[in-house]
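Reproduced below: query_27.pdb, with PDB, C-alpha atoms.
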```pdb
ATOM      1  CA  MET A   1      20.343 -17.348  -5.597
ATOM      2  CA  LYS A   2      20.689 -19.687  -2.609
ATOM      3  CA  GLN A   3      23.470 -17.422  -1.279
ATOM      4  CA  LEU A   4      21.251 -14.342  -1.597
ATOM      5  CA  ILE A   5      18.460 -16.054   0.348
ATOM      6  CA  THR A   6      20.945 -17.117   3.047
ATOM      7  CA  ILE A   7      22.324 -13.572   3.293
ATOM      8  CA  PHE A   8      18.804 -12.127   3.362
ATOM      9  CA  ALA A   9      17.752 -14.558   6.116
ATOM     10  CA  GLY A  10      20.855 -13.763   8.170
ATOM     11  CA  LEU A  11      20.397 -10.037   7.816
ATOM     12  CA  SER A  12      16.694 -10.391   8.638
ATOM     13  CA  ILE A  13      17.664 -11.998  11.931
ATOM     14  CA  VAL A  14      20.106  -9.179  12.626
ATOM     15  CA  MET A  15      17.452  -6.560  11.811
ATOM     16  CA  LEU A  16      14.969  -8.342  14.074
ATOM     17  CA  ALA A  17      17.525  -8.266  16.875
ATOM     18  CA  VAL A  18      18.043  -4.547  16.274
ATOM     19  CA  GLY A  19      14.299  -3.947  16.432
ATOM     20  CA  CYS A  20      13.902  -5.954  19.624
ATOM     21  CA  SER A  21      16.891  -4.411  21.382
ATOM     22  CA  SER A  22      16.070  -0.825  20.457
ATOM     23  CA  GLY A  23      12.832  -0.920  22.444
ATOM     24  CA  SER A  24      14.463  -2.260  25.607
ATOM     25  CA  GLY A  25      16.680   0.709  26.381
ATOM     26  CA  SER A  26      16.456   2.853  29.503
ATOM     27  CA  ASP A  27      15.697   6.105  27.719
ATOM     28  CA  ALA A  28      13.219   7.855  30.010
ATOM     29  CA  ALA A  29      11.911   9.995  27.158
ATOM     30  CA  GLY A  30      10.618   6.898  25.352
ATOM     31  CA  ALA A  31      10.967   5.504  21.867
ATOM     32  CA  ASP A  32       9.220   8.472  20.250
ATOM     33  CA  SER A  33      12.163  10.716  21.044
ATOM     34  CA  ALA A  34      14.717   8.405  19.448
ATOM     35  CA  SER A  35      16.160   9.596  16.182
ATOM     36  CA  MET A  36      17.858   7.476  13.545
ATOM     37  CA  ASP A  37      21.184   8.835  14.823
ATOM     38  CA  SER A  38      20.574   7.247  18.232
ATOM     39  CA  VAL A  39      19.743   3.795  16.844
ATOM     40  CA  PRO A  40      22.710   1.456  17.289
ATOM     41  CA  GLN A  41      24.134   0.188  14.003
ATOM     42  CA  PHE A  42      24.726  -3.583  13.964
ATOM     43  CA  VAL A  43      25.485  -3.929  10.266
ATOM     44  CA  THR A  44      28.107  -2.273   8.123
ATOM     45  CA  ALA A  45      27.194   0.015   5.242
ATOM     46  CA  ALA A  46      28.164  -2.779   2.833
ATOM     47  CA  GLU A  47      25.856  -5.218   4.648
ATOM     48  CA  ALA A  48      23.043  -2.652   4.552
ATOM     49  CA  ASP A  49      23.630  -2.298   0.806
ATOM     50  CA  THR A  50      23.454  -6.092   0.456
ATOM     51  CA  LEU A  51      20.192  -6.061   2.377
ATOM     52  CA  ALA A  52      18.810  -3.298   0.135
ATOM     53  CA  TYR A  53      19.787  -5.253  -2.972
ATOM     54  CA  CYS A  54      18.226  -8.458  -1.614
ATOM     55  CA  VAL A  55      14.954  -6.759  -0.677
ATOM     56  CA  GLY A  56      14.760  -5.035  -4.063
ATOM     57  CA  TYR A  57      15.706  -8.110  -6.060
ATOM     58  CA  LEU A  58      13.425 -10.523  -4.219
ATOM     59  CA  ASN A  59      10.443  -8.169  -4.254
ATOM     60  CA  GLY A  60      11.060  -7.294  -7.894
ATOM     61  CA  SER A  61      11.060 -10.987  -8.750
ATOM     62  CA  ASP A  62       7.819 -11.570  -6.822
ATOM     63  CA  VAL A  63       6.087  -8.653  -8.516
ATOM     64  CA  ASN A  64       7.340  -9.684 -11.938
ATOM     65  CA  VAL A  65       6.055 -13.253 -11.500
ATOM     66  CA  GLU A  66       2.619 -11.870 -10.559
ATOM     67  CA  ARG A  67       2.659  -9.371 -13.454
ATOM     68  CA  ILE A  68       3.524 -12.084 -15.967
ATOM     69  CA  ARG A  69       0.860 -14.404 -14.525
ATOM     70  CA  LEU A  70      -1.811 -11.712 -14.866
ATOM     71  CA  GLN A  71      -0.777 -10.983 -18.454
ATOM     72  CA  GLU A  72      -0.885 -14.679 -19.349
ATOM     73  CA  GLU A  73      -4.350 -15.028 -17.811
ATOM     74  CA  GLY A  74      -5.536 -12.097 -19.922
ATOM     75  CA  GLU A  75      -7.098 -10.156 -17.053
ATOM     76  CA  PRO A  76      -7.422  -6.733 -18.718
ATOM     77  CA  ASN A  77      -7.655  -4.536 -15.602
ATOM     78  CA  SER A  78      -5.243  -6.551 -13.492
ATOM     79  CA  ALA A  79      -2.206  -6.698 -15.767
ATOM     80  CA  TYR A  80       0.086  -3.688 -15.726
ATOM     81  CA  SER A  81       3.186  -2.539 -17.476
ATOM     82  CA  ALA A  82       6.582  -2.576 -15.804
ATOM     83  CA  GLU A  83       6.936   1.127 -16.696
ATOM     84  CA  ALA A  84       3.707   2.097 -14.927
ATOM     85  CA  TYR A  85       4.625  -0.001 -11.890
ATOM     86  CA  MET A  86       8.082   1.561 -11.624
ATOM     87  CA  LYS A  87       6.642   5.069 -11.977
ATOM     88  CA  GLY A  88       4.291   4.453  -9.037
ATOM     89  CA  PHE A  89       6.980   2.724  -7.010
ATOM     90  CA  SER A  90       9.450   5.535  -7.648
ATOM     91  CA  THR A  91       6.922   8.171  -6.595
ATOM     92  CA  ALA A  92       6.311   6.405  -3.291
ATOM     93  CA  MET A  93       9.978   5.574  -2.616
ATOM     94  CA  ASN A  94      11.134   9.124  -3.313
ATOM     95  CA  ALA A  95       8.544  10.659  -1.004
ATOM     96  CA  ASP A  96       9.415  12.362   2.242
ATOM     97  CA  GLU A  97       9.659   9.255   4.400
ATOM     98  CA  ALA A  98       9.706  11.345   7.549
ATOM     99  CA  SER A  99       6.107  12.280   6.848
ATOM    100  CA  ALA A 100       3.892   9.503   8.178
ATOM    101  CA  GLY A 101       0.841  11.375   6.872
ATOM    102  CA  TYR A 102       2.111  11.177   3.297
ATOM    103  CA  THR A 103       2.722   7.444   3.390
ATOM    104  CA  GLN A 104      -0.626   6.836   5.096
ATOM    105  CA  GLY A 105      -2.311   8.905   2.378
ATOM    106  CA  VAL A 106      -0.606   6.832  -0.325
ATOM    107  CA  GLN A 107      -1.757   3.637   1.385
ATOM    108  CA  ALA A 108      -5.349   4.917   1.725
ATOM    109  CA  ALA A 109      -5.432   5.976  -1.932
ATOM    110  CA  ARG A 110      -4.137   2.563  -2.963
ATOM    111  CA  GLU A 111      -6.936   0.831  -1.071
ATOM    112  CA  ILE A 112      -9.544   3.165  -2.560
ATOM    113  CA  ILE A 113      -8.172   2.601  -6.066
ATOM    114  CA  PHE A 114      -8.633  -1.152  -5.604
ATOM    115  CA  LYS A 115     -12.249  -0.523  -4.526
ATOM    116  CA  ILE A 116     -12.822   1.741  -7.553
ATOM    117  CA  GLU A 117     -11.450  -0.968  -9.862
ATOM    118  CA  GLU A 118     -13.656  -3.592  -8.218
ATOM    119  CA  LEU A 119     -16.734  -1.390  -8.645
ATOM    120  CA  ARG A 120     -15.852  -0.768 -12.304
ATOM    121  CA  GLY A 121     -16.097  -4.527 -12.759
ATOM    122  CA  TYR A 122     -19.710  -4.265 -11.557
ATOM    123  CA  GLY A 123     -20.486  -1.440 -13.977
ATOM    124  CA  VAL A 124     -20.122   1.408 -11.463
ATOM    125  CA  GLU A 125     -17.950   4.361 -12.471
ATOM    126  CA  ILE A 126     -16.684   6.447  -9.550
ATOM    127  CA  ASN A 127     -16.051  10.166  -9.963
ATOM    128  CA  ARG A 128     -12.564  10.462  -8.450
ATOM    129  CA  GLU A 129     -12.741  14.254  -8.195
ATOM    130  CA  LEU A 130     -15.964  14.084  -6.165
ATOM    131  CA  LEU A 131     -14.472  11.323  -4.002
ATOM    132  CA  TYR A 132     -11.384  13.455  -3.353
ATOM    133  CA  LYS A 133     -13.436  16.543  -2.453
ATOM    134  CA  ALA A 134     -15.604  14.566  -0.017
ATOM    135  CA  LEU A 135     -12.534  12.983   1.595
ATOM    136  CA  GLU A 136     -10.799  16.338   1.877
ATOM    137  CA  GLN A 137     -13.879  18.001   3.390
ATOM    138  CA  GLU A 138     -14.404  15.304   5.996
ATOM    139  CA  PHE A 139     -10.712  14.847   6.758
ATOM    140  CA  SER A 140     -10.228  18.567   7.434
ATOM    141  CA  SER A 141     -13.299  18.742   9.692
ATOM    142  CA  ASP A 142     -12.841  19.416  13.406
ATOM    143  CA  SER A 143     -15.245  16.638  14.400
ATOM    144  CA  VAL A 144     -17.006  13.548  13.132
ATOM    145  CA  ALA A 145     -20.801  13.520  13.039
ATOM    146  CA  MET A 146     -21.556   9.907  13.967
ATOM    147  CA  PRO A 147     -25.264   9.911  12.961
ATOM    148  CA  HIS A 148     -24.362  11.317   9.523
ATOM    149  CA  MET A 149     -21.542   8.807   9.178
ATOM    150  CA  GLN A 150     -23.921   5.961  10.038
ATOM    151  CA  GLU A 151     -26.416   7.198   7.417
ATOM    152  CA  LEU A 152     -23.698   7.372   4.783
ATOM    153  CA  ASN A 153     -22.397   3.922   5.725
ATOM    154  CA  SER A 154     -25.902   2.488   5.400
ATOM    155  CA  ALA A 155     -26.421   4.146   1.997
ATOM    156  CA  TYR A 156     -22.983   2.950   0.875
ATOM    157  CA  ASN A 157     -23.705  -0.655   1.835
ATOM    158  CA  GLN A 158     -27.127  -0.585   0.159
ATOM    159  CA  LEU A 159     -25.683   0.788  -3.084
ATOM    160  CA  LEU A 160     -22.873  -1.769  -3.040
ATOM    161  CA  GLN A 161     -25.324  -4.592  -2.507
ATOM    162  CA  ARG A 162     -27.498  -3.350  -5.357
ATOM    163  CA  ALA A 163     -24.475  -3.170  -7.684
ATOM    164  CA  TYR A 164     -23.404  -6.680  -6.675
ATOM    165  CA  ASP A 165     -26.938  -8.071  -7.107
ATOM    166  CA  MET A 166     -27.411  -6.487 -10.533
ATOM    167  CA  ASN A 167     -24.063  -7.688 -11.892
ATOM    168  CA  PRO A 168     -23.214 -11.055 -10.355
ATOM    169  CA  ARG A 169     -19.830 -12.329 -11.403
TER
END
```
Take the structure in the file and write it out as structure tokens.
Amino acid sequence: MKQLITIFAGLSIVMLAVGCSSGSGSDAAGADSASMDSVPQFVTAAEADTLAYCVGYLNGSDVNVERIRLQEEGEPNSAYSAEAYMKGFSTAMNADEASAGYTQGVQAAREIIFKIEELRGYGVEINRELLYKALEQEFSSDSVAMPHMQELNSAYNQLLQRAYDMNPR
């Protein structure tokens, strides 16, 4: 295990150097025009595979420790099965990584899911279909109506406060 950590640390330094050096080039078109083919490779394919294994193994261990801790503490909504976790992880990892919009959508949904779970703890059930339709409608709009957004934000905060006050933890 000590060897894996040493390898991971060494490769992390190499990857940091790659990240720092790739932005200092003289490409007049800028970093946005750079493709993966134009990024200099400072590690071999075998070293990249070692890095992939280390990242997967270390993160898998971290997640497993947290999963086991939650199960032992008996937190019903916080504990999750390894199968469910891997299904979600696989869906995200197999997504079109060239699409920043997709990954940002996954991240936004994840944050909203945490909020929905928190609200459930206060006795508030959120209609996910209605939430999705409202998000889709506003996201596809050509403009943002600031006064309306401020009204909704005020109503949101008032409802949250009421839920928190009625169900203190």
Å distance separating atom CA of A:Glu73 from atom CA of A:Ile126, one decimal place: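 Between these atoms lies a distance of 26.1 Å.
Taking atom CA of A:Glu75 and atom CA of A:Gln161 as the two end points, the separation is 24.0 Å.
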By how many Å are atom CA of A:Ser140 and atom CA of A:Val106 apart? 17.0 Å
Neighbour list for A:Met86 as a PDB file with C-alpha atoms, in the coordinates of the input, cut-off 12 Å, all atoms listed in the file, skip fewer than 6 positions in-chain:
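Just written: result-v2.pdb:
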```
ATOM      1  CA  GLY A  60      11.060  -7.294  -7.894  1.00  0.00           C
ATOM      2  CA  VAL A  63       6.087  -8.653  -8.516  1.00  0.00           C
ATOM      3  CA  ASN A  64       7.340  -9.684 -11.938  1.00  0.00           C
ATOM      4  CA  TYR A  80       0.086  -3.688 -15.726  1.00  0.00           C
ATOM      5  CA  ALA A  92       6.311   6.405  -3.291  1.00  0.00           C
ATOM      6  CA  MET A  93       9.978   5.574  -2.616  1.00  0.00           C
ATOM      7  CA  ASN A  94      11.134   9.124  -3.313  1.00  0.00           C
TER       8      ASN A  94
END
```
Which neighbours of A:Asn167 fall inside 9 Å, counting only C-alpha atoms, when residues of the same chain fewer than 5 positions from it are skipped, and could you give them as a PyMOL selection string? chain A and resi 121-123+162
Among listed residues A:Ala45, A:Val55, A:Leu119, A:Ala134, nearest A:Leu159 (using all atoms listed in the file): A:Leu119
Taking all atoms listed in the file into account, name the residue in A:Gly101, A:Gly74, A:Val65, A:Val124 that is nearest to A:Met166.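 Answer, going by the shortest atom-to-atom distance: A:Val124.
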Could you pull out every residue with an atom within 7 Å of (3.7, -5.5, -14.4), file coordinates, counting only C-alpha atoms, and send them as a list in words? Asn64, Arg67, Ile68, Ala79, Tyr80, Ser81, Ala82 and Tyr85 of chain A
Nearest residue to A:Gly88 from the set A:Arg110, A:Glu117, A:Glu66, A:Gln71 (distances using all atoms listed in the file):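 For A:Gly88, the nearest of the candidates is A:Arg110.
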How would you write, as a PyMOL selection string, the residues chosen by the PyMOL selection byres ((chain A and resi 129-133) around 12) on this structure? chain A and resi 105+108-109+112-113+116+125-128+134-140
